[in-house]
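Everything below belongs to model.txt, which stores compact mmCIF, N, CA and C atoms.
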```txt
# COMPACT_ATOMS: atom_id res chain seq x y z
N GLN A 18 11.88 8.06 12.35
CA GLN A 18 10.62 8.28 11.64
C GLN A 18 10.85 8.19 10.13
N VAL A 19 9.87 7.65 9.45
CA VAL A 19 9.93 7.50 8.01
C VAL A 19 8.94 8.48 7.38
N GLN A 20 9.38 9.20 6.38
CA GLN A 20 8.49 10.08 5.63
C GLN A 20 8.04 9.35 4.37
N LEU A 21 6.76 9.40 4.10
CA LEU A 21 6.17 8.70 2.96
C LEU A 21 5.37 9.68 2.11
N VAL A 22 5.57 9.60 0.80
CA VAL A 22 4.84 10.46 -0.12
C VAL A 22 4.24 9.60 -1.22
N GLU A 23 2.90 9.58 -1.29
CA GLU A 23 2.22 8.80 -2.32
C GLU A 23 2.01 9.64 -3.57
N SER A 24 1.90 8.95 -4.68
CA SER A 24 1.53 9.59 -5.94
C SER A 24 0.90 8.55 -6.85
N GLY A 25 0.25 9.02 -7.92
CA GLY A 25 -0.28 8.11 -8.92
C GLY A 25 -1.78 7.91 -8.89
N GLY A 26 -2.47 8.52 -7.94
CA GLY A 26 -3.91 8.39 -7.92
C GLY A 26 -4.56 9.14 -9.07
N GLY A 27 -5.87 8.92 -9.23
CA GLY A 27 -6.59 9.60 -10.29
C GLY A 27 -7.90 8.93 -10.60
N LEU A 28 -8.44 9.27 -11.76
CA LEU A 28 -9.72 8.74 -12.22
C LEU A 28 -9.47 7.71 -13.31
N VAL A 29 -10.13 6.58 -13.20
CA VAL A 29 -9.97 5.51 -14.19
C VAL A 29 -11.32 4.84 -14.39
N GLN A 30 -11.54 4.31 -15.58
CA GLN A 30 -12.78 3.58 -15.84
C GLN A 30 -12.67 2.16 -15.30
N ALA A 31 -13.82 1.58 -15.02
CA ALA A 31 -13.85 0.19 -14.57
C ALA A 31 -13.13 -0.69 -15.59
N GLY A 32 -12.32 -1.60 -15.09
CA GLY A 32 -11.53 -2.47 -15.95
C GLY A 32 -10.15 -1.93 -16.24
N GLY A 33 -9.93 -0.67 -15.90
CA GLY A 33 -8.65 -0.04 -16.17
C GLY A 33 -7.61 -0.29 -15.09
N SER A 34 -6.46 0.40 -15.22
CA SER A 34 -5.33 0.19 -14.32
C SER A 34 -4.77 1.51 -13.83
N LEU A 35 -4.19 1.47 -12.65
CA LEU A 35 -3.43 2.57 -12.10
C LEU A 35 -2.26 1.99 -11.32
N ARG A 36 -1.18 2.76 -11.22
CA ARG A 36 -0.08 2.37 -10.36
C ARG A 36 0.21 3.47 -9.36
N LEU A 37 0.13 3.13 -8.11
CA LEU A 37 0.45 4.06 -7.04
C LEU A 37 1.91 3.88 -6.63
N SER A 38 2.54 4.98 -6.28
CA SER A 38 3.92 4.96 -5.79
C SER A 38 3.96 5.53 -4.38
N CYS A 39 4.91 5.04 -3.61
CA CYS A 39 5.11 5.54 -2.24
C CYS A 39 6.61 5.69 -2.03
N ALA A 40 7.07 6.94 -2.08
CA ALA A 40 8.49 7.23 -1.90
C ALA A 40 8.79 7.40 -0.41
N ALA A 41 9.78 6.67 0.06
CA ALA A 41 10.12 6.68 1.48
C ALA A 41 11.46 7.34 1.71
N SER A 42 11.57 8.07 2.80
CA SER A 42 12.84 8.70 3.17
C SER A 42 12.93 8.77 4.69
N GLY A 43 14.14 8.97 5.17
CA GLY A 43 14.33 9.15 6.61
C GLY A 43 15.05 8.01 7.28
N ARG A 44 14.87 6.79 6.77
CA ARG A 44 15.53 5.63 7.36
C ARG A 44 15.78 4.61 6.26
N THR A 45 16.69 3.70 6.54
CA THR A 45 16.80 2.55 5.64
C THR A 45 15.63 1.63 5.91
N PHE A 46 15.16 0.99 4.87
CA PHE A 46 13.91 0.27 4.95
C PHE A 46 14.07 -1.22 5.19
N SER A 47 15.28 -1.68 5.43
CA SER A 47 15.54 -3.11 5.44
C SER A 47 14.78 -3.86 6.53
N SER A 48 14.43 -3.21 7.64
CA SER A 48 13.72 -3.91 8.71
C SER A 48 12.26 -3.46 8.81
N TYR A 49 11.71 -3.02 7.69
CA TYR A 49 10.35 -2.50 7.67
C TYR A 49 9.45 -3.32 6.74
N ALA A 50 8.18 -3.14 6.97
CA ALA A 50 7.18 -3.58 6.01
C ALA A 50 6.46 -2.33 5.49
N MET A 51 6.05 -2.39 4.28
CA MET A 51 5.22 -1.32 3.71
C MET A 51 3.84 -1.88 3.44
N GLY A 52 2.86 -1.15 3.86
CA GLY A 52 1.48 -1.57 3.64
C GLY A 52 0.71 -0.52 2.87
N TRP A 53 -0.32 -0.98 2.18
CA TRP A 53 -1.27 -0.08 1.53
C TRP A 53 -2.64 -0.31 2.17
N PHE A 54 -3.28 0.77 2.50
CA PHE A 54 -4.62 0.74 3.07
C PHE A 54 -5.50 1.68 2.24
N ARG A 55 -6.79 1.54 2.39
CA ARG A 55 -7.69 2.46 1.70
C ARG A 55 -8.90 2.76 2.57
N GLN A 56 -9.48 3.92 2.32
CA GLN A 56 -10.67 4.33 3.07
C GLN A 56 -11.66 4.97 2.11
N ALA A 57 -12.81 4.32 1.98
CA ALA A 57 -13.89 4.84 1.15
C ALA A 57 -14.78 5.74 2.01
N PRO A 58 -15.52 6.64 1.39
CA PRO A 58 -16.40 7.54 2.15
C PRO A 58 -17.38 6.77 3.03
N GLY A 59 -17.44 7.14 4.31
CA GLY A 59 -18.36 6.51 5.22
C GLY A 59 -17.94 5.14 5.72
N LYS A 60 -16.74 4.71 5.34
CA LYS A 60 -16.28 3.39 5.76
C LYS A 60 -14.98 3.50 6.54
N GLU A 61 -14.65 2.44 7.26
CA GLU A 61 -13.40 2.42 8.00
C GLU A 61 -12.25 2.12 7.05
N ARG A 62 -11.08 2.51 7.47
CA ARG A 62 -9.88 2.22 6.69
C ARG A 62 -9.65 0.72 6.69
N GLU A 63 -9.29 0.17 5.53
CA GLU A 63 -9.10 -1.27 5.41
C GLU A 63 -7.76 -1.61 4.78
N PHE A 64 -7.26 -2.76 5.15
CA PHE A 64 -6.00 -3.26 4.61
C PHE A 64 -6.17 -3.67 3.15
N VAL A 65 -5.15 -3.37 2.35
CA VAL A 65 -5.15 -3.76 0.93
C VAL A 65 -4.04 -4.76 0.65
N ALA A 66 -2.80 -4.39 0.97
CA ALA A 66 -1.66 -5.25 0.65
C ALA A 66 -0.47 -4.82 1.50
N ALA A 67 0.46 -5.76 1.68
CA ALA A 67 1.68 -5.45 2.43
C ALA A 67 2.85 -6.21 1.83
N ILE A 68 4.04 -5.64 1.99
CA ILE A 68 5.25 -6.29 1.53
C ILE A 68 6.32 -6.16 2.61
N ASN A 69 7.01 -7.26 2.88
CA ASN A 69 8.16 -7.25 3.77
C ASN A 69 9.34 -6.76 2.97
N TRP A 70 9.88 -5.62 3.35
CA TRP A 70 10.88 -4.97 2.50
C TRP A 70 12.13 -5.81 2.32
N ARG A 71 12.54 -6.52 3.38
CA ARG A 71 13.82 -7.23 3.32
C ARG A 71 13.73 -8.47 2.45
N VAL A 72 12.68 -9.27 2.62
CA VAL A 72 12.62 -10.55 1.91
C VAL A 72 11.63 -10.53 0.74
N GLY A 73 10.80 -9.51 0.65
CA GLY A 73 9.88 -9.40 -0.47
C GLY A 73 8.61 -10.21 -0.35
N SER A 74 8.36 -10.81 0.81
CA SER A 74 7.11 -11.55 0.97
C SER A 74 5.94 -10.58 0.93
N THR A 75 4.80 -11.06 0.42
CA THR A 75 3.64 -10.20 0.23
C THR A 75 2.37 -10.86 0.77
N TYR A 76 1.38 -10.02 1.01
CA TYR A 76 0.08 -10.51 1.46
C TYR A 76 -0.98 -9.56 0.96
N TYR A 77 -2.13 -10.10 0.56
CA TYR A 77 -3.19 -9.27 -0.02
C TYR A 77 -4.53 -9.53 0.67
N ALA A 78 -5.34 -8.50 0.67
CA ALA A 78 -6.72 -8.68 1.07
C ALA A 78 -7.43 -9.50 0.00
N GLY A 79 -8.41 -10.28 0.41
CA GLY A 79 -9.11 -11.13 -0.54
C GLY A 79 -9.77 -10.36 -1.67
N SER A 80 -10.21 -9.14 -1.37
CA SER A 80 -10.93 -8.35 -2.36
C SER A 80 -10.06 -7.87 -3.51
N VAL A 81 -8.73 -7.89 -3.32
CA VAL A 81 -7.83 -7.39 -4.37
C VAL A 81 -6.88 -8.46 -4.89
N LYS A 82 -6.86 -9.61 -4.25
CA LYS A 82 -5.93 -10.66 -4.65
C LYS A 82 -6.19 -11.08 -6.09
N GLY A 83 -5.12 -11.14 -6.85
CA GLY A 83 -5.24 -11.48 -8.26
C GLY A 83 -5.41 -10.28 -9.17
N ARG A 84 -5.73 -9.13 -8.59
CA ARG A 84 -5.89 -7.90 -9.38
C ARG A 84 -4.81 -6.87 -9.05
N PHE A 85 -4.40 -6.80 -7.80
CA PHE A 85 -3.40 -5.83 -7.36
C PHE A 85 -2.08 -6.53 -7.09
N THR A 86 -0.99 -5.81 -7.32
CA THR A 86 0.34 -6.34 -7.04
C THR A 86 1.15 -5.29 -6.29
N ILE A 87 1.69 -5.67 -5.15
CA ILE A 87 2.56 -4.78 -4.38
C ILE A 87 4.00 -5.16 -4.67
N SER A 88 4.86 -4.15 -4.78
CA SER A 88 6.26 -4.40 -5.06
C SER A 88 7.08 -3.26 -4.47
N ARG A 89 8.41 -3.45 -4.51
CA ARG A 89 9.27 -2.37 -4.05
C ARG A 89 10.54 -2.33 -4.89
N ASP A 90 11.10 -1.11 -4.97
CA ASP A 90 12.37 -0.88 -5.64
C ASP A 90 13.34 -0.42 -4.56
N ASP A 91 14.21 -1.33 -4.14
CA ASP A 91 15.09 -1.03 -3.02
C ASP A 91 16.03 0.13 -3.33
N ALA A 92 16.51 0.21 -4.55
CA ALA A 92 17.44 1.26 -4.93
C ALA A 92 16.79 2.64 -4.85
N LYS A 93 15.50 2.70 -5.14
CA LYS A 93 14.79 3.98 -5.13
C LYS A 93 14.06 4.21 -3.81
N ASN A 94 14.09 3.23 -2.90
CA ASN A 94 13.35 3.31 -1.65
C ASN A 94 11.88 3.66 -1.89
N THR A 95 11.32 3.02 -2.88
CA THR A 95 9.95 3.32 -3.30
C THR A 95 9.15 2.04 -3.39
N GLY A 96 7.93 2.09 -2.88
CA GLY A 96 7.01 0.98 -3.01
C GLY A 96 5.95 1.29 -4.04
N TYR A 97 5.32 0.25 -4.58
CA TYR A 97 4.33 0.43 -5.63
C TYR A 97 3.12 -0.45 -5.36
N LEU A 98 1.99 0.00 -5.85
CA LEU A 98 0.78 -0.81 -5.85
C LEU A 98 0.21 -0.73 -7.26
N GLN A 99 0.38 -1.81 -8.01
CA GLN A 99 -0.18 -1.90 -9.36
C GLN A 99 -1.59 -2.43 -9.25
N MET A 100 -2.54 -1.66 -9.75
CA MET A 100 -3.95 -2.02 -9.65
C MET A 100 -4.52 -2.27 -11.04
N ASN A 101 -4.94 -3.49 -11.31
CA ASN A 101 -5.51 -3.87 -12.59
C ASN A 101 -6.95 -4.31 -12.42
N SER A 102 -7.67 -4.38 -13.52
CA SER A 102 -9.07 -4.83 -13.50
C SER A 102 -9.86 -4.12 -12.41
N MET A 103 -9.72 -2.82 -12.38
CA MET A 103 -10.29 -2.05 -11.28
C MET A 103 -11.81 -2.01 -11.35
N LYS A 104 -12.40 -1.91 -10.15
CA LYS A 104 -13.85 -1.91 -10.00
C LYS A 104 -14.29 -0.63 -9.29
N PRO A 105 -15.52 -0.22 -9.48
CA PRO A 105 -16.01 0.98 -8.77
C PRO A 105 -15.82 0.88 -7.26
N GLU A 106 -15.92 -0.31 -6.72
CA GLU A 106 -15.75 -0.48 -5.27
C GLU A 106 -14.31 -0.30 -4.81
N ASP A 107 -13.38 -0.13 -5.74
CA ASP A 107 -11.99 0.20 -5.38
C ASP A 107 -11.83 1.70 -5.10
N THR A 108 -12.86 2.47 -5.35
CA THR A 108 -12.80 3.91 -5.13
C THR A 108 -12.57 4.20 -3.65
N ALA A 109 -11.51 4.97 -3.36
CA ALA A 109 -11.15 5.27 -1.99
C ALA A 109 -9.93 6.19 -1.99
N VAL A 110 -9.60 6.69 -0.80
CA VAL A 110 -8.30 7.32 -0.60
C VAL A 110 -7.34 6.20 -0.19
N TYR A 111 -6.24 6.12 -0.89
CA TYR A 111 -5.25 5.07 -0.64
C TYR A 111 -4.07 5.67 0.13
N TYR A 112 -3.66 4.95 1.17
CA TYR A 112 -2.55 5.36 2.01
C TYR A 112 -1.47 4.31 2.02
N CYS A 113 -0.22 4.74 1.96
CA CYS A 113 0.86 3.81 2.25
C CYS A 113 1.34 4.04 3.67
N ALA A 114 1.90 3.00 4.25
CA ALA A 114 2.33 3.06 5.64
C ALA A 114 3.58 2.21 5.81
N ALA A 115 4.37 2.55 6.83
CA ALA A 115 5.60 1.82 7.13
C ALA A 115 5.60 1.42 8.60
N GLY A 116 6.07 0.21 8.84
CA GLY A 116 6.15 -0.26 10.21
C GLY A 116 7.28 -1.25 10.35
N ARG A 117 7.92 -1.24 11.53
CA ARG A 117 9.00 -2.18 11.77
C ARG A 117 8.46 -3.59 11.81
N THR A 118 9.23 -4.51 11.28
CA THR A 118 8.79 -5.89 11.28
C THR A 118 9.98 -6.80 11.39
N THR A 119 9.74 -8.08 11.60
CA THR A 119 10.79 -9.06 11.70
C THR A 119 10.47 -10.25 10.81
N GLY A 120 11.50 -11.00 10.50
CA GLY A 120 11.29 -12.22 9.74
C GLY A 120 10.61 -11.96 8.41
N TRP A 121 9.55 -12.72 8.16
CA TRP A 121 8.82 -12.64 6.91
C TRP A 121 7.47 -11.94 7.07
N ASP A 122 7.30 -11.29 8.22
CA ASP A 122 6.01 -10.70 8.53
C ASP A 122 5.54 -9.68 7.50
N THR A 123 4.24 -9.71 7.24
CA THR A 123 3.59 -8.73 6.40
C THR A 123 2.34 -8.26 7.15
N PRO A 124 2.51 -7.29 8.04
CA PRO A 124 1.42 -6.88 8.92
C PRO A 124 0.18 -6.41 8.17
N THR A 125 -0.98 -6.78 8.71
CA THR A 125 -2.24 -6.40 8.07
C THR A 125 -3.05 -5.42 8.90
N SER A 126 -2.65 -5.20 10.16
CA SER A 126 -3.37 -4.26 11.02
C SER A 126 -2.75 -2.88 10.94
N GLU A 127 -3.60 -1.85 10.85
CA GLU A 127 -3.07 -0.49 10.76
C GLU A 127 -2.31 -0.13 12.03
N TYR A 128 -2.58 -0.82 13.14
CA TYR A 128 -1.92 -0.50 14.40
C TYR A 128 -0.47 -0.98 14.42
N GLU A 129 -0.10 -1.78 13.45
CA GLU A 129 1.28 -2.25 13.35
C GLU A 129 2.14 -1.32 12.50
N TYR A 130 1.55 -0.24 12.02
CA TYR A 130 2.27 0.72 11.20
C TYR A 130 2.39 2.05 11.93
N ASP A 131 3.59 2.61 11.91
CA ASP A 131 3.85 3.83 12.67
C ASP A 131 3.82 5.09 11.83
N ASP A 132 4.16 4.98 10.57
CA ASP A 132 4.28 6.16 9.73
C ASP A 132 3.36 6.03 8.52
N TRP A 133 2.72 7.13 8.16
CA TRP A 133 1.72 7.13 7.10
C TRP A 133 1.94 8.26 6.12
N GLY A 134 1.58 7.99 4.88
CA GLY A 134 1.59 9.05 3.87
C GLY A 134 0.32 9.87 3.96
N GLN A 135 0.21 10.86 3.09
CA GLN A 135 -0.90 11.79 3.15
C GLN A 135 -2.15 11.26 2.44
N GLY A 136 -2.00 10.22 1.68
CA GLY A 136 -3.13 9.64 0.96
C GLY A 136 -3.25 10.18 -0.45
N THR A 137 -3.77 9.36 -1.34
CA THR A 137 -4.02 9.76 -2.71
C THR A 137 -5.37 9.20 -3.15
N GLN A 138 -6.17 10.05 -3.81
CA GLN A 138 -7.53 9.65 -4.20
C GLN A 138 -7.50 8.78 -5.45
N VAL A 139 -8.23 7.69 -5.39
CA VAL A 139 -8.44 6.82 -6.54
C VAL A 139 -9.94 6.72 -6.76
N THR A 140 -10.38 7.04 -7.98
CA THR A 140 -11.80 6.98 -8.32
C THR A 140 -11.97 6.10 -9.55
N VAL A 141 -12.84 5.11 -9.44
CA VAL A 141 -13.12 4.20 -10.54
C VAL A 141 -14.56 4.42 -10.99
N SER A 142 -14.73 4.84 -12.23
CA SER A 142 -16.07 5.10 -12.74
C SER A 142 -16.62 3.85 -13.43
N SER A 143 -17.93 3.70 -13.35
CA SER A 143 -18.57 2.51 -13.94
C SER A 143 -18.99 2.77 -15.37
```
Translate the structure of the given file into structure tokens.
Amino acid sequence: QVQLVESGGGLVQAGGSLRLSCAASGRTFSSYAMGWFRQAPGKEREFVAAINWRVGSTYYAGSVKGRFTISRDDAKNTGYLQMNSMKPEDTAVYYCAAGRTTGWDTPTSEYEYDDWGQGTQVTVSS
């Protein structure tokens, strides 16, 4: 099992930036993917971005592509989600997740992830 702890959420104005962190512990991450998901009030949880930890391949939801960047620091066992040009519709609770993967896979379904963080609130004001 992988333990995940998110940090970095908060309140930001539209057009601003935030960086979320997800510290992982419990296992080596070399055969995992890390994903970021978000859930807005009254809506289902949705995929945001994923990174294949071993090879660094990434994949983004269309709504954030070009504005958000997912990355990882292997030495710190920490993943990041850099969010730029933020919009009010980015307001949600953001979750990081870990799941076993192979090859260059960057899973986009929440069912492919086994371990989840507690979530961090991100609010974008207009």
- Which parts of stretch 29-139 of chain A does DSSP call strand (DSSP E or B) when run on the backbone here, written out as a ChimeraX atom specification? /A:29-30,35-42,49-56,63-69,75-77,82,85-90,95-100,109-117,132-133,137-139
- Task: Grab the atom CA of A:Thr137 to atom C of A:Tyr111 distance for me, in Å with one decimal place.
- Result: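 Spanning atom CA of A:Thr137 to atom C of A:Tyr111 is a straight-line distance of 5.0 Å.
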- Smallest atom-to-atom distance to A:Trp133: which of A:Thr119, A:Cys113, A:Ser47, A:Ser102, using only C-alpha atoms?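 Closest to A:Trp133 of all the choices is A:Cys113.
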Quick one: residues within 9 Å of (13.3, -6.9, 10.3) (file frame), counting only C-alpha atoms, please, as a PDB file with N, CA and C atoms, in the coordinates of the input.
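Saved the output as point_16.pdb:
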```pdb
ATOM      1  N   PHE A  46      15.160   0.990   4.870  1.00  0.00           N
ATOM      2  CA  PHE A  46      13.910   0.270   4.950  1.00  0.00           C
ATOM      3  C   PHE A  46      14.070  -1.220   5.190  1.00  0.00           C
ATOM      4  N   SER A  47      15.280  -1.680   5.430  1.00  0.00           N
ATOM      5  CA  SER A  47      15.540  -3.110   5.440  1.00  0.00           C
ATOM      6  C   SER A  47      14.780  -3.860   6.530  1.00  0.00           C
ATOM      7  N   SER A  48      14.430  -3.210   7.640  1.00  0.00           N
ATOM      8  CA  SER A  48      13.720  -3.910   8.710  1.00  0.00           C
ATOM      9  C   SER A  48      12.260  -3.460   8.810  1.00  0.00           C
ATOM     10  N   TYR A  49      11.710  -3.020   7.690  1.00  0.00           N
ATOM     11  CA  TYR A  49      10.350  -2.500   7.670  1.00  0.00           C
ATOM     12  C   TYR A  49       9.450  -3.320   6.740  1.00  0.00           C
ATOM     13  N   ALA A  50       8.180  -3.140   6.970  1.00  0.00           N
ATOM     14  CA  ALA A  50       7.180  -3.580   6.010  1.00  0.00           C
ATOM     15  C   ALA A  50       6.460  -2.330   5.490  1.00  0.00           C
ATOM     16  N   ASN A  69       7.010  -7.260   2.880  1.00  0.00           N
ATOM     17  CA  ASN A  69       8.160  -7.250   3.770  1.00  0.00           C
ATOM     18  C   ASN A  69       9.340  -6.760   2.970  1.00  0.00           C
ATOM     19  N   TRP A  70       9.880  -5.620   3.350  1.00  0.00           N
ATOM     20  CA  TRP A  70      10.880  -4.970   2.500  1.00  0.00           C
ATOM     21  C   TRP A  70      12.130  -5.810   2.320  1.00  0.00           C
ATOM     22  N   ARG A  71      12.540  -6.520   3.380  1.00  0.00           N
ATOM     23  CA  ARG A  71      13.820  -7.230   3.320  1.00  0.00           C
ATOM     24  C   ARG A  71      13.730  -8.470   2.450  1.00  0.00           C
ATOM     25  N   ARG A 117       7.920  -1.240  11.530  1.00  0.00           N
ATOM     26  CA  ARG A 117       9.000  -2.180  11.770  1.00  0.00           C
ATOM     27  C   ARG A 117       8.460  -3.590  11.810  1.00  0.00           C
ATOM     28  N   THR A 118       9.230  -4.510  11.280  1.00  0.00           N
ATOM     29  CA  THR A 118       8.790  -5.890  11.280  1.00  0.00           C
ATOM     30  C   THR A 118       9.980  -6.800  11.390  1.00  0.00           C
ATOM     31  N   THR A 119       9.740  -8.080  11.600  1.00  0.00           N
ATOM     32  CA  THR A 119      10.790  -9.060  11.700  1.00  0.00           C
ATOM     33  C   THR A 119      10.470 -10.250  10.810  1.00  0.00           C
ATOM     34  N   GLY A 120      11.500 -11.000  10.500  1.00  0.00           N
ATOM     35  CA  GLY A 120      11.290 -12.220   9.740  1.00  0.00           C
ATOM     36  C   GLY A 120      10.610 -11.960   8.410  1.00  0.00           C
ATOM     37  N   TRP A 121       9.550 -12.720   8.160  1.00  0.00           N
ATOM     38  CA  TRP A 121       8.820 -12.640   6.910  1.00  0.00           C
ATOM     39  C   TRP A 121       7.470 -11.940   7.070  1.00  0.00           C
ATOM     40  N   ASP A 122       7.300 -11.290   8.220  1.00  0.00           N
ATOM     41  CA  ASP A 122       6.010 -10.700   8.530  1.00  0.00           C
ATOM     42  C   ASP A 122       5.540  -9.680   7.500  1.00  0.00           C
TER      43      ASP A 122
END
```
- Hey, which of A:Phe54, A:Ser42, A:Asn101, A:Gly73 ends up closest to A:Phe85? Count only C-alpha atoms. A:Asn101
